[in-house]
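Each remark here refers to the structure printed beneath this line.
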Number of protein chains: 2
Amino acid sequence: MAYFDSASSAPLHPVARQALLASLDEGWADPARLYREGRRARLLLDAAREAAAEAVGCRADELVFTSSGTRAVHSGIAGVLAGRRRTGGHLIVSAVEHSSVLHAAEVHEAGGGAVTQVAVDRAGAVTASAYAEALRPDTALACLQSANHEVGTEQPVAEVAAVCREAGVPLLVDAAQSLGWGRVHGDWSVLTGSAHKWGGPSGVGLFVVRKGVRFAAQGPTDERESGRAAGFENIPAIVAAAASLRAVRAEADEEAVRLRELTERIRARVPSLVPDVEVVGDPERRLPGVVTFSCLYVDGETLLHELDREGFSVSSGSSCTSSTLTPSHVLRAMGVLSEGNVRVSLPTGAAAEDVERFLSVLPGAVAAVREKLGAPTTTTVAAVREDTLVVDALGRRCPIPVIELAKVIGDVPVGGTVRVLSDDEAARLDIPAWCEMRGQEYVGEEPVERGSAYVVRRVS
Amino acid sequence: MAYFDSASSAPLHPVARQALLASLDEGWADPARLYREGRRARLLLDAAREAAAEAVGCRADELVFTSSGTRAVHSGIAGVLAGRRRTGGHLIVSAVEHSSVLHAAEVHEAGGGAVTQVAVDRAGAVTASAYAEALRPDTALACLQSANHEVGTEQPVAEVAAVCREAGVPLLVDAAQSLGWGRVHGDWSVLTGSAHKWGGPSGVGLFVVRKGVRFAAQGPTDERESGRAAGFENIPAIVAAAASLRAVRAEADEEAVRLRELTERIRARVPSLVPDVEVVGDPERRLPGVVTFSCLYVDGETLLHELDREGFSVSSGSSCTSSTLTPSHVLRAMGVLSEGNVRVSLPTGAAAEDVERFLSVLPGAVAAVREKLGAPTTTTVAAVREDTLVVDALGRRCPIPVIELAKVIGDVPVGGTVRVLSDDEAARLDIPAWCEMRGQEYVGEEPVERGSAYVVRRVS
């Protein structure tokens, strides 16, 4: 049994547990009160703030605690946009931000604001020059994650921060995925984090606004946390969050080397162990513990169940594992295969033997799913029958449209085309990705009744 | 050492502590995930929701968990106002709601909405007929607390709910102070609560929206908690909150009788133990553990320090204990004395001996503060000198203006007047209250340079 989904939530760090227990009896009172229980709670809160600020690399009075990383992101974006309203209503985000950032951007747009999404390359990274191009005179705020939560790619935060600073635009960095590994470098203006990502308890977000950044808290506020996070402070959890951040930082450099070696094994060996796999995300500039790959002709949900049965907890950006039946926006923005997508994110302390066992069971799990779905083997050769074939996959979900395409591509002559009719969102991503993997030509998409026709020309 | 401020925050209940510890190892994963750790977390969350819904008296799918009671109130008010925008933009609140409700109302008003504050009587209670009068065709929402947090007065929620139902207007009930004691009766539409008020952990609010209430969540949302509370769920704390709510409910009836007897002792004996005291709040319809009184000629902050030194943690609505230097809005709305205000709110399990010891140290503590301030003794008799006296208390804070008034009232003849010049907000409340307690006539307030003149006529 191995939990390989720490990018979703990490198990509670032993130091967090200890600190939480120790402060349950000391930290329940109202820190705004002047009596002894209140003063004790205030001391704990102040000490936690100092510790967290030291870890982030900011002043203690720049940092407040929120009830979640999501809340910190929502408050940060709304507050800076309001504080800089006179500059304009333009917001820049990368296309691969966490959904909390994108949801805040949607709300901004629905309220009449303008949003520019900066595209990423096939590895999931933005460039500073793309941010420079996106900046406008009315840009109030730019947002960029420190590292991507689905594929682990690190973003060039310092470079983007420099470009923004030059233009006088604050940069908000969602550091949820990287804060346990180290400080965020560069001249950022606002930073957010989430304790349960580094082994702290749920219910604690970090929210830092540098001095000098125009900020106007939105919605009802109160006197707590400098007016930036309303509601009674969750002090035992805050103490545990700060203590565990220090603890994971103390072991971060060493653990990063170890986990990087383990994820490198997965990156290197999965493509040879499993046919028709695409490993995604930057191979070098990436989080130590995250590796993501997609498997052709595989239903992500079924694969996750197979792996769960084998004792591995991983996640997926495949469309069939989401309630919206659309592939993850990150994979879409990268233009990579989404079907059979698997994200492995190792928690600190992950055992090498578990990784080896994962590598030993993965090929069988993928093969089992492919067999159930009747996926083509890579050696299929069929007689050529017609110049153009139409595959009707309407109403059928990922990965069936791609499987049907693969089954018939050998039935048209080189130069012939296959038209795949599909109303599945994933096909838009996965058919071009299949073409790239298979060396076939993706001609394009045409609207048809109830969906699209994806046209593929056989090249080889 | 006795903690008598459970209305601010209650110490963690042993059951909450146990449940929290037990679920730290089971409840840290993402309940939206399909692997075993996620399924386990989901089971815990679902069970907690069932238990909390049973305690509230609602369907499980009507209840979500937020990060605080404040957050539940903010989300509830904003969401119903938005959901019923077509009906109109009128909001009704009582004048003695918790600040979280009043802050949300201020935001609504700042955004162009209309707000009616329903007045309370001298005991702090609203009437259903006052709500009926406040209702308008464009009323989108009415709010009423189940019981007041500062003076313990219970509100006629069921009657107000009936009036609102009749008008087709939803009623939001802030049940933070009473939920540990029992269900809220009546046909309410939205209900909020806060776990740390009943001995649950910090970081958990309850937020209930009855089926059929038009509700549109505001701000960025995500798929968690039915789209009504964004951000990663704090499951261990939620489990602890639900478990402790059940536990306190099981002992509530018995404990209510016991605490009511203890607070009745304070209500009955403080006026005879301490001269010039006004006990405030409804003597019958009140929370079991809360009793509030105000002491003439006393600086609330100094009194709290005296009591803290004696080992008692209580709170105060006096102006000098708040950063705004204004008396609590609750005491103002009731029109009662605010100086030397003390709220005693007994936690469950409070010991009778501690209450007795409180009653034994209180007179000395009050006398010490009065002596420091040079307060008049009640037997002061002075020669009559003039028909009208002017007391210049500009720049001097509560309780000095009242003390100065009391010192000179004997210097004017019966029928003569004293004009107290003051720029202290508390004087507006405390000078009329003093007149009522002393049987003198409060003539009124006139603007003067840098403040007001409060005119008092000597009657006896």
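By convention in this document, the chains of the structure tokens carry letters A, B, ... by their order, each chain's residues are numbered from 1, and ligands are numbered from 1 in the order they are shown.
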
Test item: residues at most 9 Å from A:Ala52, only C-alpha atoms, excluding those fewer than 2 positions along its chain, as a list in words: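 Selected residues are Ala47, Ala48, Arg49, Glu50, Glu54, Ala55, Val56, Gly57, Cys58, Ala60, Leu63, Leu206, Ala241, Ala242, Ala243, Leu245 and Arg246 of chain A.
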
Preceding selection exported with N, CA, C and O atoms as an mmCIF file, in the first residue's frame:
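Final file, result35.cif:
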data_model
loop_
_atom_site.group_PDB
_atom_site.id
_atom_site.type_symbol
_atom_site.label_atom_id
_atom_site.label_comp_id
_atom_site.auth_asym_id
_atom_site.auth_seq_id
_atom_site.Cartn_x
_atom_site.Cartn_y
_atom_site.Cartn_z
ATOM 1 N N ALA A 47 4.135 33.530 17.387
ATOM 2 C CA ALA A 47 5.322 32.701 17.149
ATOM 3 C C ALA A 47 5.181 31.938 15.836
ATOM 4 O O ALA A 47 6.142 31.807 15.066
ATOM 5 N N ALA A 48 3.974 31.437 15.568
ATOM 6 C CA ALA A 48 3.742 30.717 14.309
ATOM 7 C C ALA A 48 3.923 31.652 13.119
ATOM 8 O O ALA A 48 4.490 31.271 12.091
ATOM 9 N N ARG A 49 3.475 32.882 13.282
ATOM 10 C CA ARG A 49 3.612 33.855 12.184
ATOM 11 C C ARG A 49 5.091 34.151 11.913
ATOM 12 O O ARG A 49 5.528 34.194 10.766
ATOM 13 N N GLU A 50 5.848 34.315 12.989
ATOM 14 C CA GLU A 50 7.292 34.560 12.823
ATOM 15 C C GLU A 50 7.948 33.389 12.091
ATOM 16 O O GLU A 50 8.752 33.585 11.183
ATOM 17 N N GLU A 54 9.616 33.517 8.347
ATOM 18 C CA GLU A 54 11.027 33.189 8.147
ATOM 19 C C GLU A 54 11.156 32.147 7.016
ATOM 20 O O GLU A 54 12.036 32.256 6.165
ATOM 21 N N ALA A 55 10.266 31.170 7.011
ATOM 22 C CA ALA A 55 10.330 30.130 5.976
ATOM 23 C C ALA A 55 10.004 30.710 4.593
ATOM 24 O O ALA A 55 10.604 30.333 3.588
ATOM 25 N N VAL A 56 9.042 31.621 4.556
ATOM 26 C CA VAL A 56 8.651 32.225 3.271
ATOM 27 C C VAL A 56 9.705 33.228 2.807
ATOM 28 O O VAL A 56 9.968 33.365 1.609
ATOM 29 N N GLY A 57 10.327 33.904 3.777
ATOM 30 C CA GLY A 57 11.254 34.980 3.433
ATOM 31 C C GLY A 57 10.533 36.310 3.317
ATOM 32 O O GLY A 57 10.671 37.025 2.314
ATOM 33 N N CYS A 58 9.730 36.630 4.326
ATOM 34 C CA CYS A 58 9.019 37.907 4.311
ATOM 35 C C CYS A 58 8.958 38.425 5.740
ATOM 36 O O CYS A 58 9.406 37.759 6.679
ATOM 37 N N ALA A 60 7.019 39.369 9.194
ATOM 38 C CA ALA A 60 5.878 38.738 9.873
ATOM 39 C C ALA A 60 4.598 39.543 9.651
ATOM 40 O O ALA A 60 3.517 38.962 9.522
ATOM 41 N N LEU A 63 2.480 38.640 6.531
ATOM 42 C CA LEU A 63 1.907 37.295 6.405
ATOM 43 C C LEU A 63 0.685 37.118 7.296
ATOM 44 O O LEU A 63 0.736 37.427 8.487
ATOM 45 N N LEU A 206 -1.434 30.103 3.727
ATOM 46 C CA LEU A 206 -0.553 31.259 3.958
ATOM 47 C C LEU A 206 -0.898 32.321 2.922
ATOM 48 O O LEU A 206 -1.125 32.012 1.755
ATOM 49 N N ALA A 241 0.963 23.975 11.342
ATOM 50 C CA ALA A 241 1.375 24.295 9.973
ATOM 51 C C ALA A 241 2.770 24.912 9.967
ATOM 52 O O ALA A 241 3.638 24.521 9.176
ATOM 53 N N ALA A 242 2.994 25.855 10.872
ATOM 54 C CA ALA A 242 4.290 26.535 10.909
ATOM 55 C C ALA A 242 5.392 25.573 11.348
ATOM 56 O O ALA A 242 6.490 25.549 10.774
ATOM 57 N N ALA A 243 5.082 24.768 12.346
ATOM 58 C CA ALA A 243 6.104 23.833 12.852
ATOM 59 C C ALA A 243 6.483 22.817 11.782
ATOM 60 O O ALA A 243 7.665 22.486 11.608
ATOM 61 N N LEU A 245 6.231 23.175 8.562
ATOM 62 C CA LEU A 245 6.945 23.819 7.453
ATOM 63 C C LEU A 245 8.440 23.893 7.773
ATOM 64 O O LEU A 245 9.289 23.575 6.936
ATOM 65 N N ARG A 246 8.744 24.291 9.012
ATOM 66 C CA ARG A 246 10.152 24.288 9.429
ATOM 67 C C ARG A 246 10.755 22.896 9.336
ATOM 68 O O ARG A 246 11.884 22.722 8.891
#

Each residue of chain A with at least one atom at most 6 Å from chain B should appear once, together with its nearest atom pair and the corresponding distance in Å (one decimal); atoms considered: only C-alpha atoms; ordering: chain, then increasing residue number; output as JSON lines.
{"residue": "A:Ser9", "atom": "CA", "partner": "B:Ala29", "partner_atom": "CA", "distance": 5.6}
{"residue": "A:Ala29", "atom": "CA", "partner": "B:Ser9", "partner_atom": "CA", "distance": 5.6}
{"residue": "A:Tyr35", "atom": "CA", "partner": "B:Ser313", "partner_atom": "CA", "distance": 5.5}
{"residue": "A:Ser67", "atom": "CA", "partner": "B:Ser67", "partner_atom": "CA", "distance": 6.0}
{"residue": "A:Ser68", "atom": "CA", "partner": "B:Gly231", "partner_atom": "CA", "distance": 5.9}
{"residue": "A:Thr70", "atom": "CA", "partner": "B:Gly231", "partner_atom": "CA", "distance": 5.0}
{"residue": "A:His103", "atom": "CA", "partner": "B:Pro220", "partner_atom": "CA", "distance": 5.3}
{"residue": "A:Ala104", "atom": "CA", "partner": "B:Pro220", "partner_atom": "CA", "distance": 5.1}
{"residue": "A:Ser202", "atom": "CA", "partner": "B:Asn234", "partner_atom": "CA", "distance": 4.8}
{"residue": "A:Gly203", "atom": "CA", "partner": "B:Asn234", "partner_atom": "CA", "distance": 5.2}
{"residue": "A:Pro220", "atom": "CA", "partner": "B:Ala104", "partner_atom": "CA", "distance": 5.1}
{"residue": "A:Gly231", "atom": "CA", "partner": "B:Thr70", "partner_atom": "CA", "distance": 5.0}
{"residue": "A:Asn234", "atom": "CA", "partner": "B:Ser202", "partner_atom": "CA", "distance": 4.8}
{"residue": "A:Asp308", "atom": "CA", "partner": "B:Tyr35", "partner_atom": "CA", "distance": 5.7}
{"residue": "A:Ser313", "atom": "CA", "partner": "B:Tyr35", "partner_atom": "CA", "distance": 5.4}

Output N, CA and C atoms for every residue in that selection, as a JSON list (two decimals), in the first residue's frame.
[["chain", "number", "residue", "atom", "x", "y", "z"],
["A", 9, "SER", "N", -2.75, 16.03, -1.41],
["A", 9, "SER", "CA", -2.71, 16.28, 0.03],
["A", 9, "SER", "C", -1.67, 15.33, 0.61],
["A", 29, "ALA", "N", -8.37, 29.66, 22.83],
["A", 29, "ALA", "CA", -9.03, 30.90, 23.25],
["A", 29, "ALA", "C", -8.89, 31.99, 22.19],
["A", 35, "TYR", "N", -7.18, 38.41, 28.72],
["A", 35, "TYR", "CA", -6.94, 37.51, 29.86],
["A", 35, "TYR", "C", -5.92, 36.42, 29.48],
["A", 67, "SER", "N", -7.94, 30.21, 5.89],
["A", 67, "SER", "CA", -8.47, 28.89, 6.19],
["A", 67, "SER", "C", -8.09, 27.85, 5.15],
["A", 68, "SER", "N", -7.49, 28.27, 4.05],
["A", 68, "SER", "CA", -7.01, 27.32, 3.03],
["A", 68, "SER", "C", -6.18, 28.08, 2.02],
["A", 70, "THR", "N", -6.73, 27.88, -1.13],
["A", 70, "THR", "CA", -7.74, 28.41, -2.05],
["A", 70, "THR", "C", -8.25, 29.77, -1.59],
["A", 103, "HIS", "N", -10.64, 30.07, -11.30],
["A", 103, "HIS", "CA", -12.00, 30.43, -10.87],
["A", 103, "HIS", "C", -12.08, 31.90, -10.49],
["A", 104, "ALA", "N", -11.07, 32.40, -9.80],
["A", 104, "ALA", "CA", -11.06, 33.82, -9.45],
["A", 104, "ALA", "C", -11.00, 34.68, -10.71],
["A", 202, "SER", "N", -4.97, 20.26, 7.45],
["A", 202, "SER", "CA", -5.93, 20.98, 6.62],
["A", 202, "SER", "C", -6.37, 22.23, 7.36],
["A", 203, "GLY", "N", -6.91, 23.17, 6.63],
["A", 203, "GLY", "CA", -7.51, 24.33, 7.28],
["A", 203, "GLY", "C", -6.58, 25.49, 7.49],
["A", 220, "PRO", "N", -16.98, 41.17, 3.40],
["A", 220, "PRO", "CA", -16.97, 41.61, 4.80],
["A", 220, "PRO", "C", -15.64, 41.24, 5.46],
["A", 231, "GLY", "N", -12.92, 35.87, 10.49],
["A", 231, "GLY", "CA", -13.29, 34.64, 11.19],
["A", 231, "GLY", "C", -12.24, 34.26, 12.23],
["A", 234, "ASN", "N", -7.71, 29.67, 13.62],
["A", 234, "ASN", "CA", -7.56, 28.25, 13.97],
["A", 234, "ASN", "C", -6.14, 28.03, 14.47],
["A", 308, "ASP", "N", -5.23, 1.12, -7.66],
["A", 308, "ASP", "CA", -5.72, 1.13, -6.27],
["A", 308, "ASP", "C", -5.80, -0.29, -5.74],
["A", 313, "SER", "N", -2.09, 4.63, -4.66],
["A", 313, "SER", "CA", -3.01, 5.76, -4.75],
["A", 313, "SER", "C", -2.35, 6.85, -5.59]]

Sel. of strand (DSSP E) residues, stretch 138-263 of chain A, as a ChimeraX atom specification: /A:139-145,171-174,190-194,205-209

Spatial neighbours of B:Ala333, max dist 10 Å, only C-alpha atoms, sep filter under 4 positions, as a PDB file with C-alpha atoms, in the first residue's frame:
ATOM      1  CA  SER B  94     -31.559  43.081  14.152  1.00  0.00           C
ATOM      2  CA  ALA B  95     -29.523  45.826  15.776  1.00  0.00           C
ATOM      3  CA  VAL B  96     -27.825  43.305  18.064  1.00  0.00           C
ATOM      4  CA  VAL B 118     -34.711  46.223  13.721  1.00  0.00           C
ATOM      5  CA  ALA B 119     -34.471  47.811  17.156  1.00  0.00           C
ATOM      6  CA  VAL B 120     -34.442  45.854  20.423  1.00  0.00           C
ATOM      7  CA  ASP B 121     -35.963  46.536  23.786  1.00  0.00           C
ATOM      8  CA  ARG B 122     -33.937  47.289  26.903  1.00  0.00           C
ATOM      9  CA  ALA B 123     -33.518  43.528  27.427  1.00  0.00           C
ATOM     10  CA  GLY B 124     -31.989  43.118  23.978  1.00  0.00           C
ATOM     11  CA  SER B 328     -20.439  47.451  22.065  1.00  0.00           C
ATOM     12  CA  HIS B 329     -23.206  47.943  19.491  1.00  0.00           C
ATOM     13  CA  LEU B 429     -24.887  55.884  26.158  1.00  0.00           C
TER      14      LEU B 429
END

Pick from B:Gly364, B:Pro399, B:Gly451, B:Gly281, whichever lies nearest to B:Val330 using only C-alpha atoms: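 Of B:Gly364, B:Pro399, B:Gly451, B:Gly281, the one nearest B:Val330, counting only C-alpha atoms, is B:Gly281.
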
Surrounding residues of B:Val456 excluding itself and chain neighbours under 2 positions, 8 Å, only C-alpha atoms, as a PyMOL selection string: chain B and resi 417-419+435+440-444+454+458

What would the file look like if the residues just selected were written as a tab-separated table (two decimals), in the first residue's frame with C-alpha atoms?
chain	number	residue	atom	x	y	z
B	417	THR	CA	-28.83	71.41	35.22
B	418	VAL	CA	-25.38	70.01	34.58
B	419	ARG	CA	-23.90	70.22	31.10
B	435	CYS	CA	-29.73	59.32	34.79
B	440	GLN	CA	-32.26	62.16	37.37
B	441	GLU	CA	-33.65	63.66	34.17
B	442	TYR	CA	-31.71	63.34	30.94
B	443	VAL	CA	-32.60	66.46	28.96
B	444	GLY	CA	-30.69	65.75	25.78
B	454	TYR	CA	-25.04	66.19	27.54
B	458	ARG	CA	-31.34	67.34	38.89

For A:Ala433: contacts at 10 Å, only C-alpha atoms, fewer than 3 positions along chain excluded, given as a VMD selection string: chain A and resid 278 296 335 to 339 402 427 to 430 436 to 440 442

Contacts of B:Val15 within 7 Å, only C-alpha atoms, excl. fewer than 4 positions in-chain, as a ChimeraX atom specification: /B:19,243-244,247

DSSP alpha helix (DSSP H) selection over stretch 197-314 of chain B, as an MDAnalysis selection string: chainID B and resid 235:250 252:273 300:309

Residue neighbourhood A:Trp188, 9 Å, only C-alpha atoms, exclusion window fewer than 5 positions, as a list of chain:residue names: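 The residues that qualify are A:Val157, A:Ala158, A:Val160, A:Ala161, A:Ala162, A:Cys164, A:Arg165, A:Pro170, A:Leu171, A:Leu172, A:Val173, A:Arg210.
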
Can you write just those residues out, N, CA and C atoms, as an mmCIF file, in the first residue's frame?
data_model
loop_
_atom_site.group_PDB
_atom_site.id
_atom_site.type_symbol
_atom_site.label_atom_id
_atom_site.label_comp_id
_atom_site.auth_asym_id
_atom_site.auth_seq_id
_atom_site.Cartn_x
_atom_site.Cartn_y
_atom_site.Cartn_z
ATOM 1 N N VAL A 157 9.655 31.868 -12.229
ATOM 2 C CA VAL A 157 9.004 32.906 -11.425
ATOM 3 C C VAL A 157 9.877 34.155 -11.316
ATOM 4 N N ALA A 158 11.167 33.973 -11.047
ATOM 5 C CA ALA A 158 12.030 35.141 -10.843
ATOM 6 C C ALA A 158 12.078 36.005 -12.099
ATOM 7 N N VAL A 160 9.790 36.148 -14.510
ATOM 8 C CA VAL A 160 8.484 36.789 -14.723
ATOM 9 C C VAL A 160 8.283 37.920 -13.721
ATOM 10 N N ALA A 161 8.741 37.706 -12.481
ATOM 11 C CA ALA A 161 8.626 38.758 -11.476
ATOM 12 C C ALA A 161 9.406 40.000 -11.892
ATOM 13 N N ALA A 162 10.588 39.777 -12.496
ATOM 14 C CA ALA A 162 11.405 40.914 -12.931
ATOM 15 C C ALA A 162 10.687 41.700 -14.021
ATOM 16 N N CYS A 164 7.480 41.841 -14.523
ATOM 17 C CA CYS A 164 6.330 42.526 -13.926
ATOM 18 C C CYS A 164 6.786 43.754 -13.132
ATOM 19 N N ARG A 165 7.851 43.577 -12.355
ATOM 20 C CA ARG A 165 8.378 44.689 -11.546
ATOM 21 C C ARG A 165 8.731 45.867 -12.445
ATOM 22 N N PRO A 170 2.157 44.091 -9.862
ATOM 23 C CA PRO A 170 2.451 43.069 -8.850
ATOM 24 C C PRO A 170 2.262 41.659 -9.409
ATOM 25 N N LEU A 171 3.093 40.743 -8.938
ATOM 26 C CA LEU A 171 2.969 39.336 -9.327
ATOM 27 C C LEU A 171 2.533 38.521 -8.117
ATOM 28 N N LEU A 172 1.419 37.817 -8.269
ATOM 29 C CA LEU A 172 0.960 36.882 -7.236
ATOM 30 C C LEU A 172 1.473 35.488 -7.582
ATOM 31 N N VAL A 173 2.184 34.879 -6.647
ATOM 32 C CA VAL A 173 2.718 33.537 -6.866
ATOM 33 C C VAL A 173 1.956 32.531 -6.002
ATOM 34 N N ARG A 210 3.306 41.792 0.205
ATOM 35 C CA ARG A 210 4.466 42.629 0.487
ATOM 36 C C ARG A 210 4.047 44.064 0.785
#

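Atom CA of B:Ala365 to atom CA of B:Ser319 spans 18.9 Å [interatomic distance, one decimal].
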